[in-house]
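protein23.tsv follows (TSV, C-alpha atoms):
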```
chain	number	residue	atom	x	y	z
A	1	MET	CA	85.52	-37.62	-7.19
A	2	GLY	CA	85.64	-41.39	-7.77
A	3	ASN	CA	83.78	-42.29	-4.63
A	4	GLU	CA	80.70	-40.19	-5.57
A	5	GLN	CA	77.64	-42.29	-6.14
A	6	PRO	CA	75.01	-41.33	-8.62
A	7	SER	CA	71.96	-39.66	-7.06
A	8	ARG	CA	68.81	-41.73	-6.98
A	9	PRO	CA	65.75	-40.41	-8.65
A	10	SER	CA	62.97	-39.31	-6.32
A	11	PRO	CA	59.90	-41.52	-6.04
A	12	ALA	CA	57.79	-38.79	-7.59
A	13	ALA	CA	60.12	-38.67	-10.56
A	14	ALA	CA	60.23	-42.48	-10.85
A	15	VAL	CA	56.46	-42.67	-11.35
A	16	PRO	CA	55.52	-41.37	-14.76
A	17	GLN	CA	52.92	-38.58	-14.65
A	18	ARG	CA	49.74	-39.58	-16.40
A	19	PRO	CA	48.32	-36.69	-18.37
A	20	GLN	CA	44.82	-35.67	-17.47
A	21	GLY	CA	42.33	-36.83	-19.98
A	22	PRO	CA	39.69	-34.62	-21.50
A	23	GLY	CA	37.03	-36.36	-19.46
A	24	THR	CA	38.74	-35.62	-16.15
A	25	SER	CA	39.25	-31.93	-16.94
A	26	LEU	CA	35.69	-31.62	-18.21
A	27	ILE	CA	34.30	-33.12	-15.00
A	28	GLY	CA	36.48	-30.83	-12.88
A	29	THR	CA	35.38	-27.78	-14.84
A	30	ALA	CA	31.74	-28.81	-14.49
A	31	HIS	CA	32.19	-29.26	-10.73
A	32	GLN	CA	33.84	-25.87	-10.39
A	33	LEU	CA	31.14	-24.22	-12.48
A	34	PHE	CA	28.35	-25.90	-10.52
A	35	PHE	CA	29.75	-25.06	-7.10
A	36	GLY	CA	30.58	-21.54	-8.28
A	37	ARG	CA	26.98	-20.97	-9.35
A	38	VAL	CA	25.68	-22.45	-6.11
A	39	SER	CA	27.99	-20.21	-4.07
A	40	ALA	CA	26.93	-17.15	-6.08
A	41	LEU	CA	23.25	-18.03	-5.60
A	42	TRP	CA	23.74	-18.53	-1.88
A	43	ALA	CA	25.58	-15.22	-1.60
A	44	LEU	CA	22.75	-13.51	-3.50
A	45	LEU	CA	20.17	-15.09	-1.24
A	46	THR	CA	21.86	-14.40	2.09
A	47	GLY	CA	24.25	-11.51	1.43
A	48	ARG	CA	21.92	-8.52	1.36
A	49	PRO	CA	18.23	-7.80	0.73
A	50	VAL	CA	17.59	-7.18	-2.96
A	51	SER	CA	15.15	-4.76	-4.60
A	52	LEU	CA	14.28	-2.79	-1.47
A	53	TYR	CA	13.06	0.16	-3.53
A	54	ALA	CA	11.00	-2.14	-5.75
A	55	ALA	CA	9.41	-3.71	-2.66
A	56	ALA	CA	8.59	-0.23	-1.36
A	57	ALA	CA	7.07	0.66	-4.74
A	58	LEU	CA	4.90	-2.47	-4.55
A	59	ARG	CA	3.80	-1.56	-1.03
A	60	ILE	CA	2.86	1.99	-2.01
A	61	GLY	CA	1.28	0.93	-5.28
A	62	TYR	CA	-0.96	-1.81	-3.90
A	63	GLY	CA	-1.82	0.20	-0.79
A	64	LEU	CA	-2.96	3.16	-2.86
A	65	LEU	CA	-4.70	0.92	-5.39
A	66	TYR	CA	-6.73	-0.92	-2.78
A	67	LEU	CA	-7.48	2.32	-0.94
A	68	ALA	CA	-8.84	3.81	-4.16
A	69	PHE	CA	-10.82	0.62	-4.74
A	70	LEU	CA	-12.44	0.81	-1.30
A	71	LEU	CA	-13.23	4.51	-1.67
A	72	ARG	CA	-14.64	4.05	-5.16
A	73	GLU	CA	-16.98	1.28	-3.99
A	74	PHE	CA	-17.93	3.12	-0.79
A	75	PRO	CA	-21.47	3.99	-2.02
A	76	HIS	CA	-22.02	0.32	-2.98
A	77	ARG	CA	-20.20	-1.34	-0.08
A	78	GLY	CA	-23.39	-2.79	1.40
A	79	GLU	CA	-24.42	-4.46	-1.87
A	80	ILE	CA	-20.98	-5.89	-2.52
A	81	TRP	CA	-19.71	-7.02	0.90
A	82	GLY	CA	-22.29	-5.93	3.46
A	83	PRO	CA	-25.64	-7.14	4.74
A	84	ASP	CA	-27.43	-6.18	1.51
A	85	SER	CA	-25.21	-8.33	-0.70
A	86	PRO	CA	-27.00	-10.99	-2.78
A	87	TRP	CA	-24.03	-13.25	-2.02
A	88	THR	CA	-25.16	-14.08	1.49
A	89	PRO	CA	-22.86	-15.24	4.31
A	90	ALA	CA	-24.35	-18.73	3.98
A	91	LEU	CA	-23.33	-18.91	0.34
A	92	ALA	CA	-19.91	-17.56	1.24
A	93	GLU	CA	-19.43	-20.26	3.88
A	94	GLN	CA	-20.35	-22.94	1.34
A	95	LEU	CA	-17.70	-21.58	-1.00
A	96	PHE	CA	-15.14	-21.44	1.81
A	97	GLU	CA	-15.37	-25.22	2.09
A	98	GLN	CA	-14.17	-25.49	-1.52
A	99	THR	CA	-11.63	-22.67	-1.70
A	100	GLY	CA	-10.22	-22.79	1.82
A	101	TRP	CA	-10.51	-19.01	2.23
A	102	ASN	CA	-12.25	-17.27	5.10
A	103	SER	CA	-13.45	-13.78	5.96
A	104	VAL	CA	-13.79	-11.75	9.15
A	105	LEU	CA	-16.79	-9.99	7.60
A	106	ILE	CA	-19.09	-12.95	8.24
A	107	LEU	CA	-18.33	-13.16	11.95
A	108	SER	CA	-21.32	-10.94	12.58
A	109	GLY	CA	-24.33	-9.81	10.57
A	110	SER	CA	-24.57	-6.47	12.34
A	111	PRO	CA	-24.39	-3.41	10.06
A	112	ALA	CA	-22.34	-1.61	12.71
A	113	TYR	CA	-19.77	-4.42	12.67
A	114	PHE	CA	-19.52	-4.21	8.88
A	115	GLU	CA	-19.03	-0.44	8.99
A	116	PHE	CA	-16.28	-0.91	11.58
A	117	CYS	CA	-14.54	-3.48	9.38
A	118	TYR	CA	-14.79	-1.19	6.37
A	119	ALA	CA	-13.34	1.77	8.27
A	120	LEU	CA	-10.57	-0.48	9.60
A	121	ALA	CA	-9.79	-1.61	6.04
A	122	VAL	CA	-9.46	2.00	4.88
A	123	VAL	CA	-7.20	2.94	7.81
A	124	THR	CA	-5.08	-0.19	7.29
A	125	SER	CA	-4.60	0.64	3.61
A	126	VAL	CA	-3.50	4.18	4.48
A	127	LEU	CA	-1.02	3.06	7.15
A	128	PHE	CA	0.33	0.29	4.95
A	129	THR	CA	0.91	2.77	2.14
A	130	LEU	CA	2.71	5.17	4.46
A	131	GLY	CA	4.84	2.37	5.90
A	132	TRP	CA	3.91	2.80	9.56
A	133	ARG	CA	4.83	-0.32	11.56
A	134	THR	CA	5.07	-2.10	8.26
A	135	ARG	CA	5.56	-5.60	9.66
A	136	VAL	CA	2.24	-5.46	11.49
A	137	MET	CA	0.43	-3.46	8.82
A	138	SER	CA	1.47	-5.88	6.07
A	139	VAL	CA	-0.20	-8.74	7.96
A	140	LEU	CA	-3.33	-6.66	8.62
A	141	PHE	CA	-3.44	-5.55	4.99
A	142	ALA	CA	-3.27	-9.19	3.85
A	143	VAL	CA	-6.11	-10.08	6.24
A	144	VAL	CA	-8.19	-7.18	4.90
A	145	VAL	CA	-7.66	-8.14	1.26
A	146	ILE	CA	-8.38	-11.82	1.97
A	147	SER	CA	-11.55	-11.00	3.91
A	148	PHE	CA	-13.03	-8.67	1.31
A	149	HIS	CA	-12.03	-10.90	-1.59
A	150	ALA	CA	-13.42	-14.08	-0.02
A	151	ARG	CA	-16.65	-12.43	1.18
A	152	SER	CA	-17.94	-11.74	-2.36
A	153	ILE	CA	-15.57	-13.42	-4.74
A	154	PHE	CA	-17.86	-12.99	-7.77
A	155	MET	CA	-18.77	-9.34	-7.23
A	156	THR	CA	-15.60	-7.66	-8.49
A	157	ASP	CA	-13.86	-7.47	-11.87
A	158	GLY	CA	-11.11	-9.95	-11.02
A	159	GLY	CA	-8.35	-7.41	-10.52
A	160	ASP	CA	-8.32	-8.07	-6.79
A	161	ASN	CA	-7.10	-11.63	-7.45
A	162	LEU	CA	-3.60	-10.35	-8.18
A	163	VAL	CA	-3.81	-7.85	-5.31
A	164	LEU	CA	-4.62	-10.77	-3.03
A	165	LEU	CA	-1.56	-12.75	-4.13
A	166	MET	CA	0.75	-9.75	-3.86
A	167	ALA	CA	-0.58	-8.84	-0.42
A	168	LEU	CA	0.37	-12.31	0.79
A	169	TYR	CA	3.82	-12.13	-0.80
A	170	LEU	CA	4.53	-8.67	0.60
A	171	VAL	CA	4.18	-10.05	4.14
A	172	LEU	CA	7.46	-11.88	3.51
A	173	THR	CA	9.34	-8.84	2.24
A	174	ALA	CA	11.00	-5.96	4.06
A	175	CYS	CA	8.88	-3.48	2.11
A	176	GLY	CA	9.11	-0.82	4.80
A	177	ARG	CA	12.86	-0.14	4.65
A	178	ARG	CA	12.53	2.49	1.94
A	179	TRP	CA	10.09	5.36	1.40
A	180	SER	CA	8.24	4.77	4.66
A	181	LEU	CA	7.63	6.26	8.07
A	182	ASP	CA	9.61	3.38	9.53
A	183	ALA	CA	12.66	4.30	7.45
A	184	ARG	CA	12.29	7.95	8.49
A	185	ARG	CA	12.09	6.97	12.14
A	186	ASP	CA	15.23	4.84	11.81
A	187	ARG	CA	17.13	7.72	10.19
A	188	LEU	CA	16.13	10.11	12.96
A	189	ARG	CA	17.08	7.57	15.59
A	190	SER	CA	20.48	7.07	14.00
A	191	ALA	CA	21.02	10.82	13.77
A	192	ARG	CA	20.17	11.28	17.46
A	193	ALA	CA	22.45	8.41	18.46
A	194	GLY	CA	25.37	10.01	16.61
A	195	ASP	CA	28.70	8.47	17.50
A	196	VAL	CA	27.48	6.74	20.64
A	197	PRO	CA	29.05	3.28	20.64
A	198	GLU	CA	26.76	0.30	20.62
A	199	PRO	CA	26.53	-1.70	23.82
A	200	VAL	CA	28.82	-4.70	24.02
A	201	ARG	CA	26.91	-7.89	23.35
A	202	GLY	CA	27.78	-11.38	24.38
A	203	PRO	CA	28.78	-13.98	21.80
A	204	TYR	CA	25.41	-15.71	21.96
A	205	ALA	CA	23.55	-12.42	21.52
A	206	GLN	CA	25.72	-11.56	18.52
A	207	GLU	CA	25.11	-14.95	16.95
A	208	LEU	CA	21.39	-14.64	17.56
A	209	ARG	CA	21.32	-11.16	16.03
A	210	HIS	CA	23.31	-12.37	13.00
A	211	ALA	CA	20.95	-15.32	12.56
A	212	ARG	CA	17.92	-13.02	12.74
A	213	VAL	CA	19.37	-10.65	10.13
A	214	THR	CA	20.23	-13.56	7.83
A	215	LEU	CA	16.77	-15.09	8.21
A	216	THR	CA	15.09	-11.77	7.47
A	217	THR	CA	17.26	-11.30	4.38
A	218	VAL	CA	16.56	-14.80	3.09
A	219	VAL	CA	12.80	-14.48	3.60
A	220	HIS	CA	12.75	-11.05	1.93
A	221	ASN	CA	14.73	-12.24	-1.09
A	222	CYS	CA	12.56	-15.33	-1.46
A	223	GLY	CA	9.46	-13.15	-1.33
A	224	VAL	CA	10.80	-10.87	-4.07
A	225	PHE	CA	11.74	-13.86	-6.24
A	226	VAL	CA	8.29	-15.37	-5.77
A	227	ILE	CA	6.67	-12.10	-6.84
A	228	ALA	CA	8.85	-11.98	-9.96
A	229	ALA	CA	8.08	-15.64	-10.73
A	230	GLN	CA	4.34	-15.01	-10.30
A	231	VAL	CA	4.38	-12.13	-12.78
A	232	CYS	CA	6.42	-14.18	-15.27
A	233	PHE	CA	3.95	-17.02	-14.97
A	234	LEU	CA	1.02	-14.67	-15.55
A	235	TYR	CA	2.49	-13.14	-18.69
A	236	GLY	CA	3.87	-16.40	-20.06
A	237	SER	CA	0.66	-18.38	-19.55
A	238	ALA	CA	-1.48	-15.55	-20.95
A	239	GLY	CA	0.71	-15.36	-24.04
A	240	MET	CA	0.68	-19.12	-24.60
A	241	TYR	CA	-3.10	-19.30	-24.26
A	242	LYS	CA	-3.48	-16.46	-26.75
A	243	VAL	CA	-1.21	-18.18	-29.23
A	244	GLN	CA	-3.58	-21.16	-29.24
A	245	GLY	CA	-6.59	-18.98	-30.07
A	246	SER	CA	-7.65	-18.61	-33.68
A	247	THR	CA	-8.82	-15.02	-33.21
A	248	TRP	CA	-5.42	-13.95	-31.90
A	249	GLY	CA	-3.69	-15.72	-34.76
A	250	GLY	CA	-6.04	-14.03	-37.21
A	251	GLY	CA	-5.54	-10.60	-35.64
A	252	THR	CA	-9.24	-10.13	-34.83
A	253	ALA	CA	-9.28	-10.80	-31.06
A	254	LEU	CA	-9.16	-7.13	-30.09
A	255	HIS	CA	-11.99	-6.38	-32.54
A	256	TYR	CA	-14.32	-8.72	-30.64
A	257	ALA	CA	-13.11	-7.40	-27.28
A	258	LEU	CA	-13.86	-3.82	-28.29
A	259	ASN	CA	-17.42	-4.76	-29.25
A	260	LEU	CA	-18.40	-6.40	-25.96
A	261	GLU	CA	-21.07	-4.24	-24.35
A	262	LEU	CA	-20.02	-5.38	-20.87
A	263	PHE	CA	-16.55	-3.84	-21.41
A	264	GLN	CA	-17.45	-0.57	-23.09
A	265	PRO	CA	-17.21	2.32	-20.64
A	266	TRP	CA	-17.02	4.69	-23.64
A	267	PRO	CA	-18.68	3.04	-26.65
A	268	GLU	CA	-17.80	5.92	-28.99
A	269	LEU	CA	-14.09	5.55	-28.17
A	270	SER	CA	-14.23	1.76	-28.64
A	271	HIS	CA	-15.91	2.16	-32.03
A	272	LEU	CA	-13.39	4.80	-33.03
A	273	VAL	CA	-10.47	2.48	-32.30
A	274	ASP	CA	-12.27	-0.38	-34.04
A	275	ASP	CA	-12.27	1.62	-37.28
A	276	PHE	CA	-8.54	0.87	-37.74
A	277	PRO	CA	-8.33	-2.90	-38.30
A	278	MET	CA	-4.67	-2.87	-39.32
A	279	VAL	CA	-3.67	-1.11	-36.10
A	280	ILE	CA	-5.77	-3.56	-34.10
A	281	ALA	CA	-4.13	-6.56	-35.77
A	282	ILE	CA	-0.59	-5.21	-35.23
A	283	THR	CA	-1.38	-4.39	-31.62
A	284	GLY	CA	-2.65	-7.91	-31.04
A	285	TYR	CA	0.47	-9.52	-32.50
A	286	VAL	CA	2.80	-7.23	-30.54
A	287	THR	CA	0.88	-7.96	-27.33
A	288	VAL	CA	1.19	-11.72	-27.75
A	289	LEU	CA	4.86	-11.47	-28.68
A	290	ALA	CA	5.65	-9.28	-25.66
A	291	GLN	CA	3.83	-11.60	-23.25
A	292	VAL	CA	5.45	-14.76	-24.56
A	293	ALA	CA	8.92	-13.21	-24.68
A	294	PHE	CA	8.69	-11.52	-21.28
A	295	PRO	CA	10.08	-14.40	-19.14
A	296	PHE	CA	13.07	-14.75	-21.53
A	297	VAL	CA	14.21	-11.11	-21.61
A	298	LEU	CA	14.40	-10.40	-17.89
A	299	PHE	CA	18.19	-10.63	-17.70
A	300	GLY	CA	18.94	-8.13	-20.45
A	301	ARG	CA	18.16	-4.60	-21.47
A	302	LEU	CA	15.49	-5.84	-23.84
A	303	LYS	CA	13.12	-6.06	-20.87
A	304	TYR	CA	12.72	-2.27	-20.79
A	305	PRO	CA	11.02	-1.91	-24.21
A	306	VAL	CA	8.95	-5.01	-23.39
A	307	LEU	CA	7.85	-3.41	-20.13
A	308	ALA	CA	6.96	-0.25	-22.05
A	309	VAL	CA	4.80	-2.28	-24.45
A	310	LEU	CA	3.06	-4.01	-21.54
A	311	LEU	CA	2.49	-0.65	-19.85
A	312	GLY	CA	0.75	0.63	-22.97
A	313	MET	CA	-1.31	-2.57	-23.11
A	314	HIS	CA	-2.51	-2.14	-19.53
A	315	ILE	CA	-3.36	1.52	-20.07
A	316	GLY	CA	-5.42	0.50	-23.09
A	317	ILE	CA	-7.23	-2.18	-21.07
A	318	ALA	CA	-8.00	0.31	-18.29
A	319	VAL	CA	-9.33	2.97	-20.67
A	320	LEU	CA	-11.04	0.95	-23.38
A	321	MET	CA	-12.37	-1.97	-21.32
A	322	GLY	CA	-13.00	-0.23	-17.99
A	323	LEU	CA	-10.78	-2.51	-15.86
A	324	PRO	CA	-8.65	-0.05	-13.89
A	325	LEU	CA	-8.11	-2.33	-10.89
A	326	PHE	CA	-6.74	-5.17	-12.99
A	327	SER	CA	-4.56	-2.89	-15.10
A	328	GLY	CA	-3.27	-1.03	-12.05
A	329	ALA	CA	-2.41	-4.28	-10.29
A	330	MET	CA	-0.40	-5.48	-13.28
A	331	VAL	CA	1.40	-2.15	-13.72
A	332	VAL	CA	2.42	-2.15	-10.06
A	333	ALA	CA	3.58	-5.77	-10.31
A	334	ASP	CA	5.86	-4.85	-13.22
A	335	ALA	CA	7.72	-2.50	-10.89
A	336	VAL	CA	9.50	-5.47	-9.29
A	337	PHE	CA	11.66	-5.83	-12.41
A	338	LEU	CA	13.07	-2.30	-12.27
A	339	PRO	CA	16.47	-2.09	-10.52
A	340	ASP	CA	17.07	0.03	-7.45
A	341	ARG	CA	19.26	2.42	-9.42
A	342	PHE	CA	16.18	3.36	-11.43
A	343	TYR	CA	14.27	4.37	-8.30
A	344	THR	CA	17.24	6.27	-6.87
A	345	PHE	CA	17.64	8.08	-10.19
A	346	LEU	CA	14.06	9.38	-10.17
A	347	PRO	CA	14.51	11.79	-7.20
A	348	ARG	CA	17.71	13.16	-8.75
A	349	LEU	CA	15.92	13.63	-12.06
A	350	TRP	CA	13.06	15.41	-10.31
A	351	HIS	CA	15.51	17.60	-8.42
A	352	ARG	CA	17.33	18.54	-11.60
A	353	ALA	CA	14.07	19.32	-13.38
A	354	ALA	CA	12.95	21.51	-10.48
A	355	GLN	CA	16.26	23.35	-10.47
A	356	ARG	CA	16.14	23.91	-14.23
A	357	THR	CA	12.59	25.18	-13.94
A	358	GLY	CA	13.75	27.60	-11.26
A	359	THR	CA	16.58	28.73	-13.53
A	360	ARG	CA	14.21	29.46	-16.39
A	361	ARG	CA	11.82	31.35	-14.12
A	362	ALA	CA	14.60	33.56	-12.73
A	363	ALA	CA	14.19	37.02	-14.27
A	364	PRO	CA	17.39	38.49	-15.73
A	365	GLY	CA	18.75	41.58	-14.06
A	366	ARG	CA	17.26	40.91	-10.63
A	367	ALA	CA	19.34	40.84	-7.50
A	368	PRO	CA	20.35	37.35	-6.47
A	369	GLY	CA	17.88	35.85	-4.04
A	370	PRO	CA	18.65	33.58	-1.12
A	371	GLY	CA	18.69	30.51	-3.42
A	372	SER	CA	21.08	32.01	-5.95
A	373	VAL	CA	24.83	32.06	-6.17
A	374	PRO	CA	26.39	35.54	-6.69
A	375	ALA	CA	28.18	36.19	-9.94
A	376	GLN	CA	31.60	34.59	-9.84
A	377	GLY	CA	34.81	36.13	-11.14
A	378	ARG	CA	37.88	38.02	-10.11
A	379	PRO	CA	37.36	41.64	-9.00
A	380	GLU	CA	39.48	43.02	-11.82
A	381	LEU	CA	37.44	41.19	-14.47
A	382	PRO	CA	33.89	42.13	-15.50
A	383	ALA	CA	31.33	39.89	-13.94
A	384	PRO	CA	29.27	37.65	-16.22
A	385	GLN	CA	25.76	38.79	-16.99
A	386	ASP	CA	23.96	35.56	-16.29
A	387	GLN	CA	23.43	34.51	-12.71
A	388	VAL	CA	24.15	30.90	-11.78
A	389	VAL	CA	21.61	28.80	-9.93
A	390	PRO	CA	22.66	25.51	-8.30
A	391	GLY	CA	22.07	22.68	-10.73
A	392	GLY	CA	21.40	25.01	-13.60
A	393	GLY	CA	22.67	24.33	-17.07
```
If you took the structure in this file and wrote it as structure tokens, what would it be?
Amino acid sequence: MGNEQPSRPSPAAAVPQRPQGPGTSLIGTAHQLFFGRVSALWALLTGRPVSLYAAAALRIGYGLLYLAFLLREFPHRGEIWGPDSPWTPALAEQLFEQTGWNSVLILSGSPAYFEFCYALAVVTSVLFTLGWRTRVMSVLFAVVVISFHARSIFMTDGGDNLVLLMALYLVLTACGRRWSLDARRDRLRSARAGDVPEPVRGPYAQELRHARVTLTTVVHNCGVFVIAAQVCFLYGSAGMYKVQGSTWGGGTALHYALNLELFQPWPELSHLVDDFPMVIAITGYVTVLAQVAFPFVLFGRLKYPVLAVLLGMHIGIAVLMGLPLFSGAMVVADAVFLPDRFYTFLPRLWHRAAQRTGTRRAAPGRAPGPGSVPAQGRPELPAPQDQVVPGGG
């Protein structure tokens, strides 16, 4: 025992540990938080395409809206965009030098060429709405909207300005993956393929396919984010400009708007609404508050009542001021803020309502039809009187 030597302390134990200061821990926490947010943002951008149902709703909404616009103006197409328009192709070309836009309608002054372009625009709007070859149709739809907008930029009510922007943004999105003929064709193709294994691909082909899928996802997500940012900018800037106006602050802005002869499709209705000044003042204040607050409530449930207020505002503008294209374009744009679970819930809600309606229409005492379930129960027990229909209450 006497020849034992005391053990030496390890070098790590010899050096006193310096406690981490508050500054060091704060910097480390900030770094972790920053890189965590960046990683989450990157995963959101590249992981999967977001808001596919919302993109499909935008495609259907703007396709139908522009189709209705073209059909409504069909009797006046020559005066607005055609050879009889007071805004001649020469004037349009002068404006193109300032705006940078262009139009295929001025490539020829032939009436037959204009009629062909108009028919092509109608067919393109229909196919874009249905989602047939959506990648190609989205580009053609953007060309159609640009051409008609740039040909006579001062001849419409201004609602096509937003349709023009959204048509360009929708080119970037995968708006044909839901509620489209393309999606139906893909489902049928997958069902026919069944359990047939995919062909073995080489490593370079797999990498190329993965890169293409990632690029498509990133472009789609960026397009959806740009659409959302555009709508936020529209509402926020409109609200801030209204705040600066004395008539909006005084609650009398809607009174003057209702008395403009240019925006009175039904003068009697406008005068009837104008007879309630308190309601007009409250509506004006609520409108400004909803528009200013809209960009700040997008990440909470408060956005749903704000969207409801804005929906009522746009319906009022369409009815009282006769601007259906502008109001419809804004209502469709608001659809980008609804989550996909909302769109998937709508078919289930419709199905349940249809089943409940069928339950109420079923006459008591009749034999069960092919869509009914026979009365359930053990043979020794009396069967219940009411028949059960799938989904019934």
Quick one: everything within 9 Å of Gly176 in chain A, counting only C-alpha atoms, minus sequence neighbours fewer than 4 positions away in the same chain. Send it as number ranges by chain.
A: 52, 55-56, 59, 128, 130-135, 180-183
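Distances to Phe141 in chain A were evaluated for A:Ala92, A:Gly63, A:Leu260, A:Ser103 using all atoms listed in the file, and the minimum falls at A:Gly63.
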Point-to-point distance in Å for CA of Ala167 in chain A and CA of Ala142 in chain A:
5.1 Å
Please report the interatomic distance between CA of Asn161 in chain A and CA of Trp101 in chain A in Å with one decimal.
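One can read the CA of Asn161 in chain A to CA of Trp101 in chain A distance as 12.6 Å.
The residue that comes closest to Pro83 in chain A, out of A:Leu41, A:Val126, A:Leu105, A:Ile153 and on the basis of only C-alpha atoms, is A:Leu105.
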Quick check, in Å to one decimal: how far apart do CA of Leu234 in chain A and CA of Ala54 in chain A lie?
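Separation between CA of Leu234 in chain A and CA of Ala54 in chain A: 18.8 Å.
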So, counting only C-alpha atoms, which residue among A:Val38, A:Leu307, A:Ile60, A:Leu349 is closest to Asp334 in chain A?
A:Leu307
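Residue neighbourhood of Gly284 in chain A, excluding near-sequence residues (fewer than 3 positions): Gly239, Lys242, Val243, Gly245, Thr247, Trp248, Gly249, Gly250, Gly251, Thr252, Ala253, Leu254, His255, Tyr256, Ala257, Pro277, Met278, Val279, Ile280, Ala281, Thr287, Val288, Leu289, Ala290, Gln291, Val309, Leu310, Met313 and Gly316 of chain A, at 12 Å, using all atoms listed in the file.
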Closest of A:Tyr113, A:Phe148, A:Phe96, A:Trp350 to Ile80 in chain A - atom-to-atom distances counting only C-alpha atoms
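Using only C-alpha atoms, Ile80 in chain A sits closest to A:Phe148.
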So, counting only C-alpha atoms, which residue among A:Thr46, A:Thr344, A:Ser237, A:Ser246 is closest to Thr214 in chain A?
A:Thr46
File output, range 71-88 of chain A (C-alpha atoms) as a CSV table (one decimal), in the first residue's frame:
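Written output follows (result.csv):
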```csv
chain,number,residue,atom,x,y,z
A,71,LEU,CA,-69.5,36.1,-73.6
A,72,ARG,CA,-71.1,39.2,-72.0
A,73,GLU,CA,-69.2,41.5,-74.3
A,74,PHE,CA,-69.7,39.4,-77.4
A,75,PRO,CA,-72.3,41.8,-79.0
A,76,HIS,CA,-69.8,44.7,-78.4
A,77,ARG,CA,-66.6,42.9,-79.2
A,78,GLY,CA,-65.9,44.8,-82.4
A,79,GLU,CA,-66.3,48.2,-80.6
A,80,ILE,CA,-64.1,47.2,-77.7
A,81,TRP,CA,-61.3,45.1,-79.3
A,82,GLY,CA,-62.1,44.7,-83.0
A,83,PRO,CA,-61.8,46.8,-86.1
A,84,ASP,CA,-64.6,49.2,-85.1
A,85,SER,CA,-62.8,50.2,-81.8
A,86,PRO,CA,-62.1,53.9,-81.4
A,87,TRP,CA,-58.8,52.9,-79.8
A,88,THR,CA,-57.1,52.1,-83.1
```
